>>> print(open('input_18.cif').read())   # mmCIF, C-alpha atoms and all ligand atoms
data_work
#
loop_
_atom_site.label_atom_id
_atom_site.label_comp_id
_atom_site.auth_asym_id
_atom_site.auth_seq_id
_atom_site.Cartn_x
_atom_site.Cartn_y
_atom_site.Cartn_z
CA MET A 1 2.53 -104.95 57.95
CA THR A 2 0.03 -102.12 57.37
CA GLY A 3 -2.28 -104.42 55.35
CA TYR A 4 -2.52 -106.84 58.26
CA ILE A 5 -3.03 -104.05 60.77
CA ASP A 6 -5.86 -102.61 58.64
CA TYR A 7 -7.41 -106.05 58.20
CA SER A 8 -7.17 -106.69 61.96
CA ASN A 9 -8.85 -103.38 62.66
CA THR A 10 -11.70 -103.62 60.16
CA VAL A 11 -12.37 -107.38 60.33
CA LEU A 12 -10.64 -109.45 63.00
CA TRP A 13 -11.24 -107.10 65.91
CA LYS A 14 -14.98 -107.25 65.22
CA LEU A 15 -15.06 -111.04 64.71
CA TRP A 16 -13.22 -111.49 68.03
CA ALA A 17 -16.01 -109.60 69.81
CA ASN A 18 -18.10 -112.75 69.18
CA LEU A 19 -15.43 -115.19 70.38
CA GLU A 20 -17.67 -116.73 73.03
CA ASP A 21 -20.35 -117.73 70.49
CA GLY A 22 -17.65 -118.94 68.09
CA VAL A 23 -16.20 -121.27 70.73
CA ARG A 24 -19.65 -122.54 71.77
CA GLU A 25 -20.81 -123.23 68.21
CA GLY A 26 -17.42 -124.11 66.69
CA THR A 27 -18.00 -121.98 63.58
CA HIS A 28 -16.82 -118.68 62.10
CA ARG A 29 -18.56 -115.40 62.86
CA TRP A 30 -18.98 -113.72 59.45
CA LYS A 31 -22.78 -113.92 59.53
CA GLN A 32 -23.15 -112.88 63.16
CA THR A 33 -20.69 -109.99 62.84
CA PHE A 34 -21.22 -108.68 59.31
CA GLY A 35 -24.42 -110.43 58.13
CA LEU A 36 -22.43 -112.23 55.40
CA GLU A 37 -23.34 -115.68 54.08
CA GLY A 38 -21.94 -117.82 51.27
CA GLY A 39 -18.44 -118.92 50.26
CA LEU A 40 -15.63 -118.02 52.63
CA PHE A 41 -13.58 -115.97 50.19
CA SER A 42 -16.63 -114.00 49.08
CA HIS A 43 -16.34 -112.49 52.59
CA PHE A 44 -12.61 -111.76 52.42
CA TYR A 45 -13.13 -110.30 48.93
CA ARG A 46 -16.50 -108.59 49.56
CA THR A 47 -15.16 -105.31 48.08
CA GLU A 48 -12.04 -104.37 46.08
CA GLU A 49 -10.75 -102.53 49.13
CA ALA A 50 -11.35 -105.50 51.46
CA LYS A 51 -9.57 -107.83 49.02
CA ARG A 52 -6.59 -105.48 48.78
CA GLU A 53 -6.36 -105.12 52.56
CA PHE A 54 -6.50 -108.89 53.10
CA LEU A 55 -3.98 -109.79 50.38
CA LEU A 56 -1.61 -107.03 51.51
CA GLY A 57 -1.88 -108.45 55.03
CA MET A 58 -0.92 -111.91 53.72
CA HIS A 59 1.89 -110.35 51.69
CA GLY A 60 3.48 -108.61 54.70
CA PHE A 61 3.73 -111.85 56.68
CA GLY A 62 4.77 -113.70 53.51
CA LEU A 63 7.77 -111.44 52.96
CA ILE A 64 9.00 -112.42 56.43
CA SER A 65 8.32 -116.16 56.22
CA SER A 66 8.60 -117.28 52.57
CA PRO A 67 12.42 -116.99 52.22
CA ALA A 68 12.74 -119.23 55.31
CA VAL A 69 10.06 -121.67 54.11
CA VAL A 70 11.63 -122.23 50.67
CA SER A 71 15.08 -122.72 52.20
CA ALA A 72 13.90 -125.07 54.99
CA PHE A 73 14.49 -127.99 52.58
CA ASP A 74 16.77 -128.44 49.59
CA LEU A 75 14.33 -128.08 46.68
CA THR A 76 16.99 -127.96 43.95
CA ARG A 77 15.77 -131.16 42.29
CA PHE A 78 12.35 -129.75 41.41
CA ALA A 79 11.81 -128.18 37.97
CA ARG A 80 8.47 -126.40 38.35
CA LEU A 81 6.70 -125.03 41.41
CA VAL A 82 3.01 -124.12 41.44
CA ASP A 83 1.96 -122.19 44.55
CA VAL A 84 -1.69 -123.18 44.99
CA GLY A 85 -3.67 -120.26 46.45
CA GLY A 86 -0.40 -118.32 46.21
CA GLY A 87 -1.90 -114.84 46.78
CA THR A 88 0.47 -112.02 45.81
CA GLY A 89 3.23 -114.47 44.78
CA HIS A 90 5.70 -113.86 47.63
CA LEU A 91 6.48 -117.59 47.98
CA ALA A 92 6.91 -118.11 44.22
CA LEU A 93 9.21 -115.07 44.12
CA ALA A 94 11.23 -116.32 47.11
CA ALA A 95 11.56 -119.75 45.42
CA SER A 96 12.75 -118.15 42.15
CA GLU A 97 15.35 -116.21 44.08
CA GLN A 98 16.58 -119.24 46.04
CA TYR A 99 16.40 -121.70 43.08
CA PRO A 100 16.97 -119.70 39.87
CA GLN A 101 16.71 -122.86 37.73
CA MET A 102 13.16 -123.57 38.98
CA ALA A 103 10.14 -122.24 37.03
CA SER A 104 7.41 -120.96 39.30
CA ALA A 105 3.75 -120.08 39.04
CA VAL A 106 0.90 -118.85 41.22
CA PHE A 107 -2.51 -120.50 40.89
CA ASP A 108 -5.27 -118.56 42.63
CA LEU A 109 -8.82 -117.27 42.17
CA PRO A 110 -8.99 -114.89 39.17
CA GLU A 111 -9.75 -111.92 41.44
CA ALA A 112 -6.60 -112.58 43.49
CA ILE A 113 -4.47 -113.20 40.37
CA GLU A 114 -5.44 -109.77 39.08
CA PHE A 115 -3.99 -108.28 42.24
CA ALA A 116 -0.83 -110.46 42.15
CA ARG A 117 0.21 -108.80 38.86
CA GLU A 118 1.50 -105.71 40.62
CA PHE A 119 3.78 -107.81 42.87
CA THR A 120 5.16 -110.19 40.21
CA ALA A 121 5.59 -107.63 37.39
CA GLY A 122 9.07 -107.88 35.88
CA SER A 123 9.61 -111.42 37.25
CA ALA A 124 9.29 -114.76 35.43
CA VAL A 125 6.55 -115.94 37.83
CA GLU A 126 3.55 -117.16 35.83
CA LEU A 127 0.05 -116.25 37.03
CA ILE A 128 -2.81 -118.72 36.48
CA GLY A 129 -6.42 -118.08 37.49
CA GLY A 130 -8.64 -120.93 38.70
CA ASP A 131 -10.36 -122.65 41.59
CA PHE A 132 -8.36 -125.33 43.41
CA PHE A 133 -11.47 -127.24 44.45
CA GLN A 134 -13.14 -127.16 41.00
CA ASP A 135 -10.49 -126.85 38.29
CA PRO A 136 -7.58 -129.09 37.24
CA LEU A 137 -4.27 -128.01 38.81
CA PRO A 138 -1.59 -126.66 36.45
CA PRO A 139 1.17 -129.30 36.06
CA ALA A 140 4.13 -129.20 38.47
CA ASP A 141 6.58 -131.50 40.23
CA LEU A 142 6.38 -129.32 43.35
CA TYR A 143 3.17 -127.79 44.67
CA ALA A 144 3.09 -125.35 47.57
CA VAL A 145 0.20 -124.46 49.86
CA GLY A 146 0.88 -121.55 52.20
CA ARG A 147 -1.78 -120.76 54.82
CA ILE A 148 -4.30 -122.70 52.72
CA LEU A 149 -4.77 -125.87 54.79
CA HIS A 150 -5.48 -123.90 57.97
CA ASP A 151 -8.48 -122.30 56.22
CA TRP A 152 -10.31 -125.62 55.79
CA SER A 153 -11.78 -128.66 57.54
CA ASP A 154 -10.03 -132.05 57.56
CA GLU A 155 -12.51 -133.21 54.93
CA LYS A 156 -11.63 -130.42 52.47
CA ILE A 157 -7.90 -130.89 53.15
CA ARG A 158 -8.26 -134.58 52.25
CA LEU A 159 -9.86 -133.59 48.92
CA LEU A 160 -7.20 -131.00 48.08
CA ALA A 161 -4.27 -133.18 49.22
CA ARG A 162 -5.59 -136.07 47.15
CA LYS A 163 -5.96 -133.81 44.11
CA ILE A 164 -2.37 -132.57 44.53
CA TYR A 165 -1.11 -136.13 45.05
CA GLU A 166 -2.78 -137.28 41.84
CA ALA A 167 -1.39 -134.34 39.85
CA LEU A 168 2.21 -135.03 40.98
CA PRO A 169 4.70 -137.33 39.23
CA VAL A 170 6.39 -139.98 41.40
CA GLY A 171 9.12 -138.21 43.38
CA GLY A 172 7.16 -134.93 43.26
CA GLY A 173 6.60 -132.88 46.40
CA LEU A 174 4.15 -130.79 48.35
CA LEU A 175 5.60 -127.90 50.37
CA ILE A 176 3.34 -126.62 53.15
CA ALA A 177 3.78 -123.29 54.94
CA GLU A 178 1.80 -123.19 58.18
CA LYS A 179 2.42 -122.49 61.86
CA LEU A 180 2.99 -125.93 63.42
CA LEU A 181 1.55 -126.68 66.87
CA THR A 182 3.60 -128.98 69.08
CA ASP A 183 2.65 -132.66 68.73
CA ASP A 184 1.23 -132.73 72.29
CA LEU A 185 -0.89 -129.67 71.28
CA THR A 186 0.22 -127.66 74.33
CA GLY A 187 1.81 -124.82 72.36
CA PRO A 188 3.11 -122.53 71.15
CA VAL A 189 0.72 -119.93 72.58
CA HIS A 190 0.80 -117.78 69.42
CA GLY A 191 -0.11 -120.92 67.40
CA HIS A 192 -3.18 -121.43 69.59
CA MET A 193 -4.10 -117.75 69.34
CA GLN A 194 -3.92 -118.09 65.57
CA SER A 195 -6.06 -121.23 65.81
CA LEU A 196 -8.77 -119.25 67.63
CA ASN A 197 -8.43 -116.60 64.96
CA MET A 198 -8.99 -119.23 62.27
CA LEU A 199 -12.07 -120.46 64.13
CA LEU A 200 -13.54 -116.96 63.92
CA CYS A 201 -12.77 -116.22 60.25
CA THR A 202 -12.46 -119.59 58.41
CA GLU A 203 -13.57 -123.24 58.41
CA GLY A 204 -10.15 -124.35 59.68
CA ARG A 205 -7.63 -124.35 62.52
CA GLU A 206 -3.91 -124.68 63.18
CA ARG A 207 -2.54 -128.22 63.39
CA SER A 208 0.57 -130.11 64.54
CA PHE A 209 3.05 -131.85 62.26
CA SER A 210 1.47 -135.21 63.21
CA GLN A 211 -2.03 -133.99 62.38
CA TYR A 212 -0.90 -132.80 58.93
CA ALA A 213 1.13 -135.98 58.40
CA GLN A 214 -1.96 -138.11 59.11
CA LEU A 215 -4.07 -136.19 56.56
CA LEU A 216 -1.28 -136.35 53.96
CA GLU A 217 -0.79 -140.05 54.52
CA GLU A 218 -4.50 -140.60 53.92
CA ALA A 219 -4.05 -138.77 50.58
CA GLY A 220 -1.23 -141.15 49.61
CA PHE A 221 1.95 -139.28 50.58
CA ALA A 222 4.65 -141.48 52.05
CA GLN A 223 7.53 -139.33 53.28
CA MET A 224 6.92 -136.24 55.39
CA GLU A 225 9.32 -133.91 57.18
CA GLY A 226 8.56 -130.80 59.23
CA ARG A 227 10.90 -127.90 60.07
CA LEU A 228 10.44 -124.99 62.46
CA THR A 229 11.71 -121.85 60.75
CA GLY A 230 11.62 -119.28 63.57
CA THR A 231 9.39 -117.07 61.35
CA PRO A 232 5.57 -116.78 61.50
CA LEU A 233 5.26 -119.89 59.27
CA ASP A 234 6.94 -123.28 59.56
CA ALA A 235 7.54 -125.71 56.70
CA LEU A 236 6.52 -129.28 55.89
CA LEU A 237 7.59 -131.27 52.83
CA ALA A 238 5.69 -134.37 51.69
CA ILE A 239 6.89 -136.58 48.84
CA LYS A 240 4.94 -138.84 46.50
CA ALA A 241 6.95 -142.08 46.66
C1 LIG A 301 -4.96 -117.21 53.58
S1 LIG A 301 -4.67 -116.75 51.91
C2 LIG A 301 -3.00 -117.28 51.68
C3 LIG A 301 -2.38 -116.65 50.46
C4 LIG A 301 -0.91 -117.07 50.24
N1 LIG A 301 -0.74 -118.50 50.08
C5 LIG A 301 -0.06 -116.54 51.37
O1 LIG A 301 0.45 -117.33 52.17
O2 LIG A 301 0.06 -115.31 51.45
C6 LIG A 301 -5.62 -117.96 51.03
C7 LIG A 301 -5.48 -117.86 49.52
O3 LIG A 301 -6.25 -118.92 48.93
C8 LIG A 301 -6.90 -118.41 47.79
N2 LIG A 301 -8.07 -119.27 47.55
C9 LIG A 301 -9.13 -119.46 48.37
N3 LIG A 301 -9.99 -120.34 47.85
C10 LIG A 301 -9.47 -120.70 46.64
C11 LIG A 301 -9.89 -121.57 45.61
N4 LIG A 301 -11.03 -122.26 45.74
N5 LIG A 301 -9.11 -121.71 44.52
C12 LIG A 301 -7.94 -121.01 44.39
N6 LIG A 301 -7.47 -120.18 45.35
C13 LIG A 301 -8.24 -120.02 46.46
C14 LIG A 301 -7.26 -117.00 48.18
O4 LIG A 301 -7.54 -116.19 47.06
C15 LIG A 301 -6.00 -116.57 48.93
O5 LIG A 301 -5.04 -116.03 48.07
#
>>> encode(input="input_18.cif", output="structure tokens", more="lines below")
Ligand SMILES: C[S@@+](CC[C@H](N)C(=O)[O-])C[C@H]1O[C@@H](n2cnc3c(N)ncnc32)[C@H](O)[C@@H]1O
Amino acid sequence: MTGYIDYSNTVLWKLWANLEDGVREGTHRWKQTFGLEGGLFSHFYRTEEAKREFLLGMHGFGLISSPAVVSAFDLTRFARLVDVGGGTGHLALAASEQYPQMASAVFDLPEAIEFAREFTAGSAVELIGGDFFQDPLPPADLYAVGRILHDWSDEKIRLLARKIYEALPVGGGLLIAEKLLTDDLTGPVHGHMQSLNMLLCTEGRERSFSQYAQLLEEAGFAQMEGRLTGTPLDALLAIKA
């Protein structure tokens, strides 16, 4: 967890000092806190050291949650998983371990892919650089998005979900790893704390199963199931009928 502790110390702690303005204006605090403008991930990756700290932070939580996320549903029927915005590859590695017959790949920004090499070395996980908003998605019958949707607005989620839906064959799936809020939005408290955190550092928020299901339905998905895993991230599987 040292990556996340470092990232909390150098970034989040300072962003939280401007919580009041964030809540009033409903937007992240990168400009106010660090004078940074431009694309969101140009902030997270503003230096090599900042990128490393952030991705190591994601990796630490991923090691705890990904084994539970990939085993929350029986994914045996899928032949090829592409983890979209897959970071260091912890979910793709957990999927390969749980489903040895499944090929798996990480699709992420080239600068993140470079860093993922050290974590996936010696495994069969394929690494593919690209931009999930701009570039075509590598083919798969199962896509995963872990802590991606909570970075973005409903509008951007609709675009990405639609793109994934169109890339899938009939019967293909989308596995989502996110902390799920309760459907009445009253909890859990750590989900709401994370939602405030997302307000301060991204364009997104945490959502409930029903809120995700609504967005996925708008993208065309027909069957959706959510599972609480008891780890920092829960799991949702949507199928293209
Ligand atoms: C919050 S991190 C989650 C990483 C990983 N899924 C995990 O759970 O550890 C968001 C990831 O999305 C990637 N990302 C952000 N914008 C992207 C884009 N436009 N195209 C591809 N990947 C992107 C980042 O590089 C980063 O790895």
>>> closest_atom_pairs(input="input_18.cif", of="chain A", to="ligand LIG 301 (chain A)", cutoff="7 Å", atoms="only C-alpha atoms and all ligand atoms", output="JSON lines")
{"residue": "A:Phe41", "atom": "CA", "partner": "A:LIG301", "partner_atom": "C9", "distance": 5.9}
{"residue": "A:Leu55", "atom": "CA", "partner": "A:LIG301", "partner_atom": "O5", "distance": 6.7}
{"residue": "A:Met58", "atom": "CA", "partner": "A:LIG301", "partner_atom": "O2", "distance": 4.2}
{"residue": "A:His59", "atom": "CA", "partner": "A:LIG301", "partner_atom": "O2", "distance": 5.3}
{"residue": "A:Gly62", "atom": "CA", "partner": "A:LIG301", "partner_atom": "O2", "distance": 5.4}
{"residue": "A:Val84", "atom": "CA", "partner": "A:LIG301", "partner_atom": "N6", "distance": 6.5}
{"residue": "A:Gly85", "atom": "CA", "partner": "A:LIG301", "partner_atom": "O3", "distance": 3.8}
{"residue": "A:Gly86", "atom": "CA", "partner": "A:LIG301", "partner_atom": "N1", "distance": 3.9}
{"residue": "A:Gly87", "atom": "CA", "partner": "A:LIG301", "partner_atom": "O5", "distance": 3.6}
{"residue": "A:Thr88", "atom": "CA", "partner": "A:LIG301", "partner_atom": "O2", "distance": 6.5}
{"residue": "A:His90", "atom": "CA", "partner": "A:LIG301", "partner_atom": "O2", "distance": 7.0}
{"residue": "A:Phe107", "atom": "CA", "partner": "A:LIG301", "partner_atom": "C12", "distance": 6.5}
{"residue": "A:Asp108", "atom": "CA", "partner": "A:LIG301", "partner_atom": "N6", "distance": 3.9}
{"residue": "A:Leu109", "atom": "CA", "partner": "A:LIG301", "partner_atom": "C12", "distance": 4.4}
{"residue": "A:Ala112", "atom": "CA", "partner": "A:LIG301", "partner_atom": "O4", "distance": 5.2}
{"residue": "A:Gly130", "atom": "CA", "partner": "A:LIG301", "partner_atom": "C12", "distance": 5.7}
{"residue": "A:Asp131", "atom": "CA", "partner": "A:LIG301", "partner_atom": "N5", "distance": 3.3}
{"residue": "A:Phe132", "atom": "CA", "partner": "A:LIG301", "partner_atom": "N5", "distance": 3.9}
{"residue": "A:Phe133", "atom": "CA", "partner": "A:LIG301", "partner_atom": "N4", "distance": 5.2}
{"residue": "A:Val145", "atom": "CA", "partner": "A:LIG301", "partner_atom": "N1", "distance": 6.0}
{"residue": "A:Gly146", "atom": "CA", "partner": "A:LIG301", "partner_atom": "N1", "distance": 4.1}
{"residue": "A:Arg147", "atom": "CA", "partner": "A:LIG301", "partner_atom": "C2", "distance": 4.8}
{"residue": "A:Ile148", "atom": "CA", "partner": "A:LIG301", "partner_atom": "C6", "distance": 5.2}
{"residue": "A:Asp151", "atom": "CA", "partner": "A:LIG301", "partner_atom": "C1", "distance": 6.7}
>>> atom_distance(input="input_18.cif", atom1="atom CA of A:Phe78", atom2="atom CA of A:Phe61")
25.1 Å
>>> closest_residue(input="input_18.cif", among="A:Glu166, A:Glu114, A:Glu25, A:Asp6", to="A:Leu137", atoms="all atoms listed in the file")
A:Glu166
>>> closest_residue(input="input_18.cif", among="A:Gly89, A:Pro139, A:Gly22, A:Gly39", to="A:Ala121", atoms="all atoms listed in the file")
A:Gly89
>>> residues_around(input="input_18.cif", residues="A:Arg46", least_positions_apart="3", cutoff="12 Å", atoms="all atoms listed in the file", output="list of chain:residue names")
A:Val11, A:Trp30, A:Phe34, A:Gly35, A:Leu36, A:Glu37, A:Gly38, A:Gly39, A:Leu40, A:Phe41, A:Ser42, A:His43, A:Glu49, A:Ala50, A:Lys51, A:Arg52, A:Glu53, A:Phe54, A:Glu111
>>> closest_residue(input="input_18.cif", among="A:Gly26, A:Ser96, A:Gln134, A:Gly57", to="A:Gly3", atoms="only C-alpha atoms")
A:Gly57
>>> atom_distance(input="input_18.cif", atom1="atom CA of A:Leu81", atom2="atom CA of A:Leu180")
22.3 Å
>>> residues_around(input="input_18.cif", residues="stretch 229-234 of chain A", least_positions_apart="6", cutoff="7 Å", atoms="all atoms listed in the file", output="MDAnalysis selection string")
chainID A and resid 64:65 68:69 72 177:180
>>> residues_around(input="input_18.cif", residues="stretch 198-209 of chain A", least_positions_apart="3", cutoff="6 Å", atoms="all atoms listed in the file", output="count of residues only")
13
>>> atom_distance(input="input_18.cif", atom1="atom CA of A:Ala140", atom2="atom CA of A:Val125")
13.5 Å
>>> closest_residue(input="input_18.cif", among="A:Glu118, A:Asp141, A:Glu97, A:Glu126", to="A:Ala79", atoms="only C-alpha atoms")
A:Asp141
>>> closest_residue(input="input_18.cif", among="A:Met193, A:Met1, A:Ala222, A:Leu216", to="A:Leu19", atoms="all atoms listed in the file")
A:Met193
>>> closest_residue(input="input_18.cif", among="A:Leu63, A:Ala238, A:Leu168, A:Leu159", to="A:Val82", atoms="all atoms listed in the file")
A:Leu168
>>> residues_around(input="input_18.cif", residues="A:Leu75", least_positions_apart="5", cutoff="10 Å", atoms="only C-alpha atoms", output="PyMOL selection string")
chain A and resi 70+81+95+98-99+102+142+173+175+237
>>> axis_aligned_box(input="input_18.cif", around="stretch 48-61 of chain A", padding_each_side="5 Å", output="lines of an AutoDock Vina configuration file")
center_x = -4.2
center_y = -107.2
center_z = 51.4
size_x = 25.8
size_y = 19.4
size_z = 20.6
>>> build_atoms(input="input_18.cif", residues="stretch 200-229 of chain A", atoms="N, CA and C atoms", output="compact mmCIF listing (two decimals), in the coordinates of the input")
# COMPACT_ATOMS: atom_id res chain seq x y z
N LEU A 200 -12.64 -118.10 64.09
CA LEU A 200 -13.54 -116.96 63.92
C LEU A 200 -13.69 -116.50 62.47
N CYS A 201 -12.68 -116.77 61.62
CA CYS A 201 -12.77 -116.22 60.25
C CYS A 201 -12.71 -117.28 59.15
N THR A 202 -12.54 -118.57 59.48
CA THR A 202 -12.46 -119.59 58.41
C THR A 202 -13.21 -120.86 58.84
N GLU A 203 -13.02 -121.92 58.04
CA GLU A 203 -13.57 -123.24 58.41
C GLU A 203 -12.47 -124.10 59.01
N GLY A 204 -11.30 -123.53 59.30
CA GLY A 204 -10.15 -124.35 59.68
C GLY A 204 -9.60 -124.08 61.06
N ARG A 205 -8.32 -124.42 61.23
CA ARG A 205 -7.63 -124.35 62.52
C ARG A 205 -6.14 -124.57 62.27
N GLU A 206 -5.32 -124.31 63.27
CA GLU A 206 -3.91 -124.68 63.18
C GLU A 206 -3.79 -126.14 63.59
N ARG A 207 -2.73 -126.80 63.10
CA ARG A 207 -2.54 -128.22 63.39
C ARG A 207 -1.07 -128.50 63.70
N SER A 208 -0.81 -129.68 64.26
CA SER A 208 0.57 -130.11 64.54
C SER A 208 1.12 -130.83 63.31
N PHE A 209 2.44 -131.07 63.33
CA PHE A 209 3.05 -131.85 62.26
C PHE A 209 2.33 -133.20 62.13
N SER A 210 2.10 -133.87 63.26
CA SER A 210 1.47 -135.21 63.21
C SER A 210 0.07 -135.15 62.62
N GLN A 211 -0.67 -134.10 62.94
CA GLN A 211 -2.03 -133.99 62.38
C GLN A 211 -1.98 -133.79 60.86
N TYR A 212 -1.04 -132.94 60.38
CA TYR A 212 -0.90 -132.80 58.93
C TYR A 212 -0.43 -134.11 58.30
N ALA A 213 0.55 -134.75 58.96
CA ALA A 213 1.13 -135.98 58.40
C ALA A 213 0.04 -137.04 58.21
N GLN A 214 -0.85 -137.14 59.19
CA GLN A 214 -1.96 -138.11 59.11
C GLN A 214 -2.85 -137.83 57.89
N LEU A 215 -3.20 -136.55 57.69
CA LEU A 215 -4.07 -136.19 56.56
C LEU A 215 -3.35 -136.45 55.23
N LEU A 216 -2.04 -136.17 55.20
CA LEU A 216 -1.28 -136.35 53.96
C LEU A 216 -1.11 -137.84 53.65
N GLU A 217 -0.93 -138.60 54.70
CA GLU A 217 -0.79 -140.05 54.52
C GLU A 217 -2.09 -140.63 53.93
N GLU A 218 -3.21 -140.13 54.44
CA GLU A 218 -4.50 -140.60 53.92
C GLU A 218 -4.65 -140.25 52.43
N ALA A 219 -3.98 -139.15 52.00
CA ALA A 219 -4.05 -138.77 50.58
C ALA A 219 -3.07 -139.56 49.74
N GLY A 220 -2.16 -140.32 50.36
CA GLY A 220 -1.23 -141.15 49.61
C GLY A 220 0.23 -140.83 49.82
N PHE A 221 0.55 -139.66 50.41
CA PHE A 221 1.95 -139.28 50.58
C PHE A 221 2.65 -140.23 51.54
N ALA A 222 3.95 -140.48 51.25
CA ALA A 222 4.65 -141.48 52.05
C ALA A 222 5.72 -140.88 52.96
N GLN A 223 6.44 -139.89 52.46
CA GLN A 223 7.53 -139.33 53.28
C GLN A 223 7.17 -137.90 53.65
N MET A 224 7.25 -137.59 54.93
CA MET A 224 6.92 -136.24 55.39
C MET A 224 7.98 -135.76 56.36
N GLU A 225 8.38 -134.50 56.22
CA GLU A 225 9.32 -133.91 57.18
C GLU A 225 8.83 -132.52 57.54
N GLY A 226 8.96 -132.14 58.80
CA GLY A 226 8.56 -130.80 59.23
C GLY A 226 9.77 -130.05 59.75
N ARG A 227 9.79 -128.72 59.55
CA ARG A 227 10.90 -127.90 60.07
C ARG A 227 10.33 -126.62 60.67
N LEU A 228 10.79 -126.29 61.87
CA LEU A 228 10.44 -124.99 62.46
C LEU A 228 11.38 -123.96 61.85
N THR A 229 10.85 -122.82 61.44
CA THR A 229 11.71 -121.85 60.75
C THR A 229 12.08 -120.66 61.63
